[in-house]
>>> print(open('model_10.cif').read())   # mmCIF, C-alpha atoms and all ligand atoms
data_my_file
loop_
_atom_site.label_atom_id
_atom_site.label_comp_id
_atom_site.auth_asym_id
_atom_site.auth_seq_id
_atom_site.Cartn_x
_atom_site.Cartn_y
_atom_site.Cartn_z
CA MET X 4 -18.48 0.69 -9.00
CA THR X 5 -18.52 -2.00 -6.32
CA LEU X 6 -19.49 -0.37 -3.09
CA LEU X 7 -19.78 -2.72 -0.18
CA LEU X 8 -20.13 -1.05 3.17
CA VAL X 9 -18.52 -3.27 5.77
CA LEU X 10 -18.19 -0.94 8.73
CA ALA X 11 -20.31 2.02 9.62
CA CYS X 12 -19.34 5.09 11.62
CA ILE X 13 -17.95 4.39 15.05
CA GLY X 14 -18.35 7.98 16.21
CA LYS X 15 -20.70 10.81 15.41
CA PRO X 16 -19.57 14.21 14.22
CA GLY X 17 -19.64 16.65 17.10
CA ALA X 18 -22.15 19.44 17.53
CA GLY X 19 -21.08 23.07 17.10
CA ASP X 20 -20.13 23.62 20.72
CA ASP X 21 -16.67 22.11 21.02
CA SER X 22 -16.49 22.53 24.78
CA GLY X 23 -19.02 19.75 25.23
CA VAL X 24 -17.73 17.41 22.55
CA ALA X 25 -15.46 14.56 23.55
CA ALA X 26 -12.57 13.88 21.18
CA ASP X 27 -14.05 10.46 20.35
CA ASP X 28 -17.19 12.07 19.01
CA MET X 29 -15.30 14.26 16.57
CA LEU X 30 -14.02 11.37 14.47
CA SER X 31 -16.07 9.14 12.21
CA ARG X 32 -14.97 6.21 10.09
CA GLU X 33 -16.42 4.17 7.28
CA SER X 34 -14.82 1.53 5.11
CA TRP X 35 -15.65 -0.58 2.12
CA VAL X 36 -14.03 -2.75 -0.52
CA ASP X 37 -13.83 -1.21 -3.97
CA SER X 38 -12.20 -2.22 -7.23
CA SER X 39 -10.45 -0.28 -9.95
CA ASN X 40 -12.26 0.55 -13.21
CA ARG X 41 -11.13 0.05 -16.80
CA ASP X 42 -8.69 2.92 -16.43
CA GLY X 43 -7.16 1.46 -13.30
CA MET X 44 -8.82 4.10 -11.14
CA ILE X 45 -10.91 4.02 -7.98
CA GLU X 46 -13.05 7.13 -7.59
CA ILE X 47 -13.72 7.49 -3.87
CA PRO X 48 -16.71 9.62 -2.85
CA VAL X 49 -16.32 11.58 0.38
CA GLU X 50 -19.61 13.09 1.45
CA LEU X 51 -19.34 16.06 3.78
CA ASP X 52 -22.17 17.82 5.57
CA GLY X 53 -20.37 21.07 6.30
CA SER X 54 -19.24 20.18 9.81
CA ALA X 55 -16.04 18.39 8.74
CA SER X 56 -12.79 20.29 9.18
CA ALA X 57 -10.66 17.54 7.62
CA PHE X 58 -10.88 14.08 6.14
CA MET X 59 -8.47 11.23 5.52
CA VAL X 60 -8.71 8.63 2.79
CA SER X 61 -6.66 5.48 3.36
CA VAL X 62 -6.39 2.80 0.69
CA GLU X 63 -4.76 -0.57 1.21
CA SER X 64 -4.28 -3.24 -1.44
CA ASP X 65 -1.97 -5.88 -2.86
CA TYR X 66 -1.24 -3.21 -5.50
CA TYR X 67 0.12 0.32 -5.09
CA PRO X 68 -2.54 3.02 -4.61
CA VAL X 69 -1.49 6.49 -5.76
CA LEU X 70 -3.42 9.74 -5.44
CA GLU X 71 -4.13 11.37 -8.82
CA THR X 72 -6.82 13.99 -8.30
CA LEU X 73 -9.12 15.59 -5.78
CA THR X 74 -12.36 17.05 -7.11
CA GLY X 75 -14.57 19.38 -5.09
CA PRO X 76 -18.39 19.20 -4.82
CA ASP X 77 -18.68 21.78 -7.64
CA GLY X 78 -16.77 19.49 -10.02
CA ARG X 79 -13.65 21.65 -9.94
CA THR X 80 -10.26 19.90 -9.75
CA VAL X 81 -8.76 21.01 -6.46
CA LEU X 82 -5.60 18.99 -6.59
CA THR X 83 -3.79 17.01 -9.28
CA TRP X 84 -0.64 14.94 -9.11
CA GLU X 85 0.69 16.67 -12.22
CA ASP X 86 1.20 19.89 -10.25
CA TRP X 87 3.23 18.20 -7.55
CA TYR X 88 4.91 15.10 -8.92
CA ASP X 89 8.03 16.88 -10.24
CA SER X 90 7.77 19.87 -7.93
CA ASP X 91 10.56 21.04 -5.63
CA ASN X 92 7.86 21.50 -2.99
CA SER X 93 6.16 18.64 -1.17
CA LEU X 94 2.53 18.59 -0.10
CA THR X 95 1.77 14.89 0.47
CA TYR X 96 3.42 11.55 -0.20
CA ALA X 97 0.06 10.21 -1.37
CA PHE X 98 1.11 11.15 -4.94
CA PHE X 99 4.03 8.75 -4.93
CA TRP X 100 4.24 5.10 -5.88
CA GLY X 101 5.95 2.72 -3.53
CA THR X 102 3.64 1.64 -0.73
CA LYS X 103 0.63 -0.65 -0.67
CA ALA X 104 -1.03 1.52 1.97
CA MET X 105 -1.72 5.10 0.91
CA ALA X 106 -2.92 7.87 3.21
CA PHE X 107 -4.24 11.26 2.11
CA ASN X 108 -5.28 13.95 4.59
CA TRP X 109 -7.18 17.02 3.34
CA PRO X 110 -6.93 19.95 3.73
CA VAL X 111 -3.21 20.21 4.39
CA ARG X 112 -2.80 24.01 4.55
CA GLU X 113 -5.12 26.86 5.41
CA VAL X 114 -5.29 27.86 1.71
CA ASP X 115 -6.57 24.34 0.94
CA GLY X 116 -9.65 24.74 3.12
CA PRO X 117 -12.24 25.06 4.49
CA LEU X 118 -14.24 22.09 3.22
CA ALA X 119 -17.48 22.86 1.39
CA ALA X 120 -20.45 20.57 2.00
CA GLY X 121 -21.21 18.06 -0.74
CA THR X 122 -19.51 15.11 -2.36
CA TRP X 123 -15.78 15.31 -2.88
CA THR X 124 -14.09 12.74 -5.09
CA VAL X 125 -10.65 11.33 -4.46
CA GLY X 126 -9.23 9.71 -7.60
CA VAL X 127 -6.78 6.95 -6.75
CA ALA X 128 -4.84 5.00 -9.38
CA MET X 129 -4.08 1.36 -8.68
CA ILE X 130 -0.58 0.63 -9.95
CA ASP X 131 1.08 -2.76 -10.28
CA GLY X 132 4.64 -3.71 -9.36
CA SER X 133 5.91 -2.68 -12.82
CA GLY X 134 4.34 0.79 -12.67
CA PHE X 135 1.32 0.05 -14.91
CA TYR X 136 -2.32 0.85 -14.16
CA ALA X 137 -4.13 -2.24 -12.86
CA ASN X 138 -7.79 -2.79 -13.86
CA ASN X 139 -10.33 -4.57 -11.73
CA VAL X 140 -8.21 -5.01 -8.62
CA ASP X 141 -9.63 -4.79 -5.13
CA ALA X 142 -8.66 -2.37 -2.40
CA GLU X 143 -9.91 -1.57 1.06
CA VAL X 144 -10.98 2.06 1.30
CA ILE X 145 -11.29 3.82 4.63
CA VAL X 146 -12.64 7.35 5.03
CA HIS X 147 -12.23 9.24 8.29
CA ARG X 148 -13.80 12.63 8.87
CA LYS X 149 -13.26 14.92 11.79
CA ALA X 150 -15.55 17.64 13.01
CA ASP X 151 -13.05 19.62 15.03
CA PRO X 152 -13.93 23.30 14.94
CA ASP X 153 -10.82 24.30 16.91
CA LEU X 154 -7.73 24.24 14.70
CA ALA X 155 -5.59 26.03 17.30
CA GLN X 156 -5.72 23.26 19.90
CA GLY X 157 -5.66 19.52 19.41
CA GLN X 158 -5.35 16.42 21.52
CA VAL X 159 -3.28 13.58 20.08
CA ARG X 160 -3.39 10.12 21.56
CA ALA X 161 -0.15 8.18 21.24
CA ARG X 162 0.67 4.57 21.96
CA ILE X 163 4.32 4.20 22.86
CA VAL X 164 5.33 0.63 22.15
CA TRP X 165 8.55 -0.99 23.29
CA ALA X 166 10.21 -3.34 20.83
CA GLN X 167 10.82 -6.77 22.28
CA GLY X 168 12.62 -6.65 25.63
CA GLN X 169 13.40 -2.93 25.38
CA GLY X 170 11.14 -1.89 28.24
CA GLN X 171 13.14 -3.96 30.74
CA ASP X 172 16.24 -1.79 31.15
CA PRO X 173 15.51 0.77 33.93
CA ASP X 174 18.01 3.34 32.57
CA VAL X 175 16.50 3.21 29.07
CA VAL X 176 12.98 3.40 30.50
CA ALA X 177 13.88 6.42 32.64
CA ALA X 178 15.46 8.20 29.65
CA ALA X 179 12.47 7.43 27.44
CA GLU X 180 10.05 8.77 30.06
CA GLN X 181 12.02 12.00 30.33
CA ALA X 182 12.19 12.25 26.55
CA VAL X 183 8.40 11.97 26.38
CA GLU X 184 8.19 14.94 28.76
CA ARG X 185 10.28 16.96 26.28
CA TRP X 186 7.99 15.79 23.46
CA ARG X 187 4.99 16.92 25.52
CA GLU X 188 6.63 20.28 26.24
CA VAL X 189 7.44 20.95 22.57
CA TRP X 190 3.95 20.02 21.40
CA ALA X 191 2.32 22.12 24.11
CA MET X 192 4.10 25.16 22.61
CA HIS X 193 2.09 24.52 19.44
CA GLY X 194 -1.32 23.74 20.88
CA LEU X 195 -0.92 19.96 20.75
CA THR X 196 -1.74 17.99 23.88
CA LEU X 197 -0.03 14.62 24.10
CA VAL X 198 -1.99 11.83 25.77
CA GLU X 199 0.21 8.73 25.84
CA SER X 200 0.14 5.16 27.08
CA TRP X 201 2.95 2.58 27.18
CA HIS X 202 2.88 -0.97 25.82
CA ASP X 203 5.18 -3.94 25.25
CA SER X 204 5.41 -5.83 21.97
CA GLU X 205 7.16 -8.64 20.13
CA LEU X 206 8.53 -6.30 17.45
CA SER X 207 12.24 -6.72 16.74
CA SER X 208 14.52 -4.34 18.68
CA ASN X 209 16.39 -3.69 15.43
CA LEU X 210 13.48 -1.89 13.79
CA GLY X 211 12.81 -2.01 10.08
CA PHE X 212 12.26 1.11 8.02
CA ALA X 213 8.74 2.08 9.00
CA ASP X 214 7.77 3.34 5.55
CA SER X 215 8.70 0.17 3.71
CA GLY X 216 5.56 -1.66 4.82
CA SER X 217 5.30 -4.70 7.02
CA ALA X 218 2.53 -7.02 8.15
CA LYS X 219 4.05 -6.85 11.64
CA VAL X 220 3.46 -3.11 11.75
CA GLU X 221 -0.20 -3.67 10.91
CA GLU X 222 -0.56 -6.52 13.39
CA ASN X 223 0.86 -4.34 16.15
CA ALA X 224 -1.34 -1.36 15.23
CA GLU X 225 -4.46 -3.52 15.20
CA ARG X 226 -4.10 -4.07 18.94
CA PHE X 227 -5.23 -0.49 19.47
CA ASP X 228 -8.23 1.71 18.74
CA GLY X 229 -7.32 2.91 15.26
CA ARG X 230 -7.44 6.56 16.21
CA GLU X 231 -4.01 7.14 17.68
CA LEU X 232 -0.40 7.53 16.62
CA ILE X 233 1.89 4.60 17.33
CA LEU X 234 5.51 5.20 18.23
CA VAL X 235 7.76 2.17 18.52
CA LEU X 236 10.90 2.47 20.61
CA GLY X 237 13.69 0.10 19.67
CA GLU X 238 17.43 -0.11 19.92
CA SER X 239 18.29 0.70 16.31
CA ILE X 240 16.77 1.11 12.85
CA SER X 241 17.98 -1.26 10.12
CA GLY X 242 21.17 -1.76 12.12
CA ALA X 243 22.29 1.87 11.66
CA SER X 244 23.89 3.70 14.58
CA ASP X 245 23.00 7.17 13.29
CA THR X 246 19.33 6.85 12.29
CA TYR X 247 17.29 8.54 15.03
CA GLY X 248 13.81 7.84 13.76
CA ILE X 249 11.60 7.12 10.75
CA ALA X 250 7.96 7.95 10.05
CA GLY X 251 5.68 5.51 8.23
CA GLY X 252 4.30 8.21 5.96
CA ILE X 253 3.78 11.92 5.34
CA PRO X 254 1.07 11.77 6.38
CA GLY X 255 0.67 8.37 7.98
CA SER X 256 -2.71 6.73 8.27
CA ILE X 257 -4.73 6.78 11.46
CA GLU X 258 -6.04 3.41 10.27
CA PRO X 259 -3.93 0.39 11.28
CA ASN X 260 -2.00 -0.61 8.16
CA LEU X 261 1.40 -1.69 6.84
CA ASN X 262 2.96 1.71 7.55
CA SER X 263 1.05 3.03 10.51
CA HIS X 264 3.75 3.77 13.00
CA VAL X 265 6.85 5.83 13.59
CA THR X 266 10.01 4.34 14.97
CA VAL X 267 12.60 5.90 17.27
CA ALA X 268 15.96 4.27 18.04
CA TRP X 269 17.20 4.94 21.56
CA LEU X 270 20.78 3.78 21.02
CA ALA X 271 21.38 6.37 18.29
CA HIS X 272 20.55 9.02 20.90
CA ALA X 273 22.49 7.49 23.78
CA GLY X 274 25.62 7.18 21.66
CA THR X 275 28.30 4.54 21.72
CA ASN X 276 28.60 4.53 25.52
CA GLY X 277 24.92 3.57 25.74
CA ASN X 278 24.31 6.08 28.55
CA PHE X 279 22.06 9.09 28.21
CA ASN X 280 22.98 12.61 29.28
CA ASP X 281 20.39 15.39 29.49
CA ASP X 282 21.10 16.72 25.99
CA GLU X 283 20.67 13.27 24.49
CA ILE X 284 17.36 12.81 26.29
CA ARG X 285 16.14 16.19 25.04
CA LEU X 286 17.18 15.27 21.50
CA MET X 287 15.27 11.98 21.76
CA GLY X 288 12.17 13.86 22.89
CA GLU X 289 12.51 16.18 19.89
CA THR X 290 12.96 13.16 17.59
CA MET X 291 9.68 11.77 18.92
CA ALA X 292 7.93 15.08 18.20
CA HIS X 293 9.67 15.35 14.79
CA GLU X 294 8.74 11.87 13.57
CA CYS X 295 5.16 12.27 14.74
CA GLY X 296 5.20 15.65 12.98
CA HIS X 297 5.96 13.82 9.71
CA PHE X 298 3.18 11.36 10.44
CA MET X 299 0.83 14.31 10.86
CA GLY X 300 1.76 15.66 7.44
CA LEU X 301 4.79 17.88 8.01
CA PHE X 302 7.70 17.72 5.59
CA HIS X 303 11.14 19.05 6.35
CA PRO X 304 11.05 22.81 5.65
CA VAL X 305 14.14 22.18 3.53
CA GLU X 306 15.57 18.81 2.56
CA TRP X 307 19.10 17.57 3.18
CA ASN X 308 20.53 18.87 -0.11
CA TYR X 309 18.91 22.32 0.26
CA ASP X 310 17.18 21.85 -3.11
CA ALA X 311 13.63 20.84 -2.09
CA TRP X 312 11.16 22.39 0.34
CA ASP X 313 7.79 21.97 1.97
CA ALA X 314 4.72 23.64 0.42
CA LEU X 315 4.37 26.29 3.14
CA ASP X 316 4.87 30.05 2.67
CA ASP X 317 6.27 30.86 6.09
CA THR X 318 9.18 28.42 6.12
CA GLU X 319 12.19 29.95 4.41
CA ASP X 320 13.16 28.46 1.03
CA CYS X 321 16.87 28.65 1.85
CA ARG X 322 19.48 27.22 -0.52
CA THR X 323 22.75 26.81 1.35
CA TRP X 324 23.61 24.92 4.52
CA GLN X 325 24.62 28.13 6.22
CA SER X 326 21.45 30.10 5.50
CA CYS X 327 19.28 27.05 6.20
CA GLU X 328 20.89 26.38 9.56
CA ASN X 329 20.66 30.09 10.40
CA LYS X 330 17.02 30.50 9.43
CA LEU X 331 15.57 27.07 10.18
CA GLY X 332 18.06 25.41 12.50
CA GLU X 333 15.74 25.71 15.49
CA ASN X 334 12.75 24.31 13.64
CA LEU X 335 11.38 21.01 14.90
CA MET X 336 11.15 19.69 11.32
CA PHE X 337 14.70 20.63 10.30
CA PRO X 338 16.14 17.48 8.68
CA TYR X 339 19.00 16.96 11.12
CA PRO X 340 20.13 18.10 14.56
CA ILE X 341 22.79 20.81 14.64
CA CYS X 342 25.52 19.70 17.01
CA ASP X 343 28.98 20.65 18.12
CA TRP X 344 31.44 18.31 19.86
CA SER X 345 29.47 18.25 23.09
CA SER X 346 25.77 18.72 22.37
CA CYS X 347 23.02 19.54 19.88
CA ALA X 348 20.99 22.78 19.80
CA PRO X 349 17.30 22.65 20.81
CA GLN X 350 14.89 22.48 17.84
CA PRO X 351 11.41 23.11 19.25
CA ASP X 352 9.96 25.66 16.80
CA LEU X 353 7.08 25.36 14.35
CA THR X 354 5.83 28.19 12.15
CA GLY X 355 2.16 29.19 12.12
CA GLN X 356 1.55 27.24 8.91
CA GLN X 357 3.36 24.16 10.22
CA LYS X 358 1.12 24.25 13.29
CA GLY X 359 -1.86 24.50 10.98
CA VAL X 360 -0.81 21.34 9.09
CA SER X 361 -0.45 19.38 12.32
CA GLN X 362 -3.79 20.63 13.62
CA ARG X 363 -5.56 19.60 10.41
CA TYR X 364 -4.28 16.05 10.74
CA ILE X 365 -7.16 13.67 11.25
CA GLY X 366 -5.75 12.40 14.56
CA ALA X 367 -5.43 15.85 16.18
CA LEU X 368 -8.80 16.20 17.88
ZN ZN X 401 12.56 14.05 9.38
#
>>> encode(input="model_10.cif", output="structure tokens", more="lines below")
Ligand SMILES: [Zn+2]
Amino acid sequence: MTLLLVLACIGKPGAGDDSGVAADDMLSRESWVDSSNRDGMIEIPVELDGSASAFMVSVESDYYPVLETLTGPDGRTVLTWEDWYDSDNSLTYAFFWGTKAMAFNWPVREVDGPLAAGTWTVGVAMIDGSGFYANNVDAEVIVHRKADPDLAQGQVRARIVWAQGQGQDPDVVAAAEQAVERWREVWAMHGLTLVESWHDSELSSNLGFADSGSAKVEENAERFDGRELILVLGESISGASDTYGIAGGIPGSIEPNLNSHVTVAWLAHAGTNGNFNDDEIRLMGETMAHECGHFMGLFHPVEWNYDAWDALDDTEDCRTWQSCENKLGENLMFPYPICDWSSCAPQPDLTGQQKGVSQRYIGAL
């Protein structure tokens, strides 16, 4: 195995007393360049000393990295793609082919943890554009660990980035600022503290699909610290008038890469008249919280066709639109807003297990 350490830790794991540990000290990062073996696999060692509450492995390449297995320090297989690939329940997108930048956050659920000390191994297959295993191809591997003993409260830093020229319209700016207050309010209900800053950019106001991968996404993300979520506010997404937002991954990487942002389209919220009312602003704030929820590892509790679900026990596995809207319609991660002719119903809720997923995300410190 080629193992070339190019960047050492930029933070030290915190001591046991969380009250005295700054968020920066909870997160550590290391990266190296590795290459796939004869079987097309990269076996990534993640060494844990017992203080880590979660880790993230990000892999970026000219090929398509796909998670196959996770092996614990005792040699036991903890997770395998075969259990999840055809499942009606979704745990992580890391199993799926289609992006050149993979992110895997572990543990996802309470039942998946806590993390034993020792060397964990993340088995990642390198797949080519035709779906075949690729031998001897290089990839950048990044491992983040967090030592955050408090999984009930987390601080999340967010960079809110205007697409080109979008931060100039005072009415849109005012609506976005109020929407962020709704985002903050919703997250505060679930122990997440939003710490945001605003930035301009040259990104197109007609945003691309964030999960399709773009060098511009990476370029934009590299302006920042590499330990925050990036939310880009544009006019529309791929020209659609009804796409509210898109997340670059479930989860998305905390490392700047081709997919590391979420996008929110303001015009889809404002509607055809282009003016915001209070309900539309609230909905935009909930879209911000929803898309960042995806980025932090949350799937929809039920998907659009009511035939696929998340992997959590406390979100109802409903099967019809009526029962799903009744039981989950107020959930933040419901796949669509429920509206009548005049307005949409608030959707601020997360279940206990959904909160747990978001708190285990590497960027919730
Ligand atoms: Zn969604």
>>> atom_distance(input="model_10.cif", atom1="CA of Trp344 in chain X", atom2="CA of Leu286 in chain X")
14.7 Å
>>> residues_near_ligand(input="model_10.cif", ligand="ligand ZN 401 (chain X)", cutoff="9 Å", atoms="all atoms listed in the file", output="PyMOL selection string")
chain X and resi 248-250+290+293-294+296-297+301-303+306+335-339
>>> closest_residue(input="model_10.cif", among="X:Gly366, X:Met192, X:Gly252, X:Ala178", to="Phe99 in chain X", atoms="all atoms listed in the file")
X:Gly252
>>> closest_residue(input="model_10.cif", among="X:Gly237, X:Gly194, X:Pro117, X:Gly332", to="Ile163 in chain X", atoms="all atoms listed in the file")
X:Gly237
>>> closest_atom_pairs(input="model_10.cif", of="range 119-169 of chain X", to="range 69-93 of chain X", cutoff="7 Å", atoms="all atoms listed in the file", output="tab-separated table")
residue	atom	partner	partner_atom	distance
X:Gly121	CA	X:Pro76	CA	5.1
X:Thr122	CA	X:Pro76	CA	4.9
X:Trp123	CA	X:Gly75	CA	4.8
X:Thr124	CA	X:Thr74	CA	5.1
X:Val125	CA	X:Leu73	CA	4.7
X:Gly126	CA	X:Thr72	CA	5.0
X:Val127	CA	X:Leu70	CA	4.6
X:Ala128	CA	X:Val69	CA	5.2
X:Met129	CA	X:Val69	CA	6.4
>>> atom_distance(input="model_10.cif", atom1="CA of Gly300 in chain X", atom2="CA of Thr102 in chain X")
16.3 Å
>>> atom_distance(input="model_10.cif", atom1="CA of Gly274 in chain X", atom2="CA of Asp245 in chain X")
8.8 Å
>>> closest_residue(input="model_10.cif", among="X:Leu51, X:Ala273, X:Ile257, X:Ala137", to="Glu238 in chain X", atoms="all atoms listed in the file")
X:Ala273
>>> closest_residue(input="model_10.cif", among="X:Glu188, X:Asp131, X:Asp141, X:Asp115", to="Asp37 in chain X", atoms="only C-alpha atoms")
X:Asp141
>>> residues_around(input="model_10.cif", residues="Val146 in chain X", least_positions_apart="6", cutoff="10 Å", atoms="only C-alpha atoms", output="PyMOL selection string")
chain X and resi 12+31-35+47-50+58-62+106-108+258
>>> closest_residue(input="model_10.cif", among="X:Gln325, X:Asn260, X:Asn139, X:Thr266", to="Arg162 in chain X", atoms="all atoms listed in the file")
X:Thr266
>>> residues_around(input="model_10.cif", residues="range 220-223 of chain X", least_positions_apart="2", cutoff="10 Å", atoms="all atoms listed in the file", output="number ranges by chain")
X: 164, 204-206, 211, 213-214, 216-218, 225-227, 233, 235, 251, 258-265
>>> residues_around(input="model_10.cif", residues="Val140 in chain X", least_positions_apart="2", cutoff="9 Å", atoms="only C-alpha atoms", output="list in words")
Asp37, Ser38, Ser39, Asn40, Gly43, Ser64, Asp65, Tyr66, Met129, Ala137, Asn138 and Ala142 of chain X
>>> residues_around(input="model_10.cif", residues="Gly288 in chain X", least_positions_apart="2", cutoff="8 Å", atoms="all atoms listed in the file", output="JSON, numbers by chain")
{"X": [179, 181, 182, 183, 184, 185, 186, 284, 285, 286, 290, 291, 292]}
>>> residues_near_point(input="model_10.cif", point="(1.1, 26.0, -0.2)", cutoff="8 Å", atoms="all atoms listed in the file", output="PDB file with C-alpha atoms, keeping the file's coordinate frame")
ATOM      1  CA  LEU X  94       2.530  18.590  -0.100  1.00  0.00           C
ATOM      2  CA  ARG X 112      -2.800  24.010   4.550  1.00  0.00           C
ATOM      3  CA  VAL X 114      -5.290  27.860   1.710  1.00  0.00           C
ATOM      4  CA  ASP X 115      -6.570  24.340   0.940  1.00  0.00           C
ATOM      5  CA  ALA X 314       4.720  23.640   0.420  1.00  0.00           C
ATOM      6  CA  LEU X 315       4.370  26.290   3.140  1.00  0.00           C
ATOM      7  CA  ASP X 316       4.870  30.050   2.670  1.00  0.00           C
TER       8      ASP X 316
END
>>> residues_near_point(input="model_10.cif", point="(14.5, -0.6, 26.9)", cutoff="10 Å", atoms="only C-alpha atoms", output="count of residues only")
21
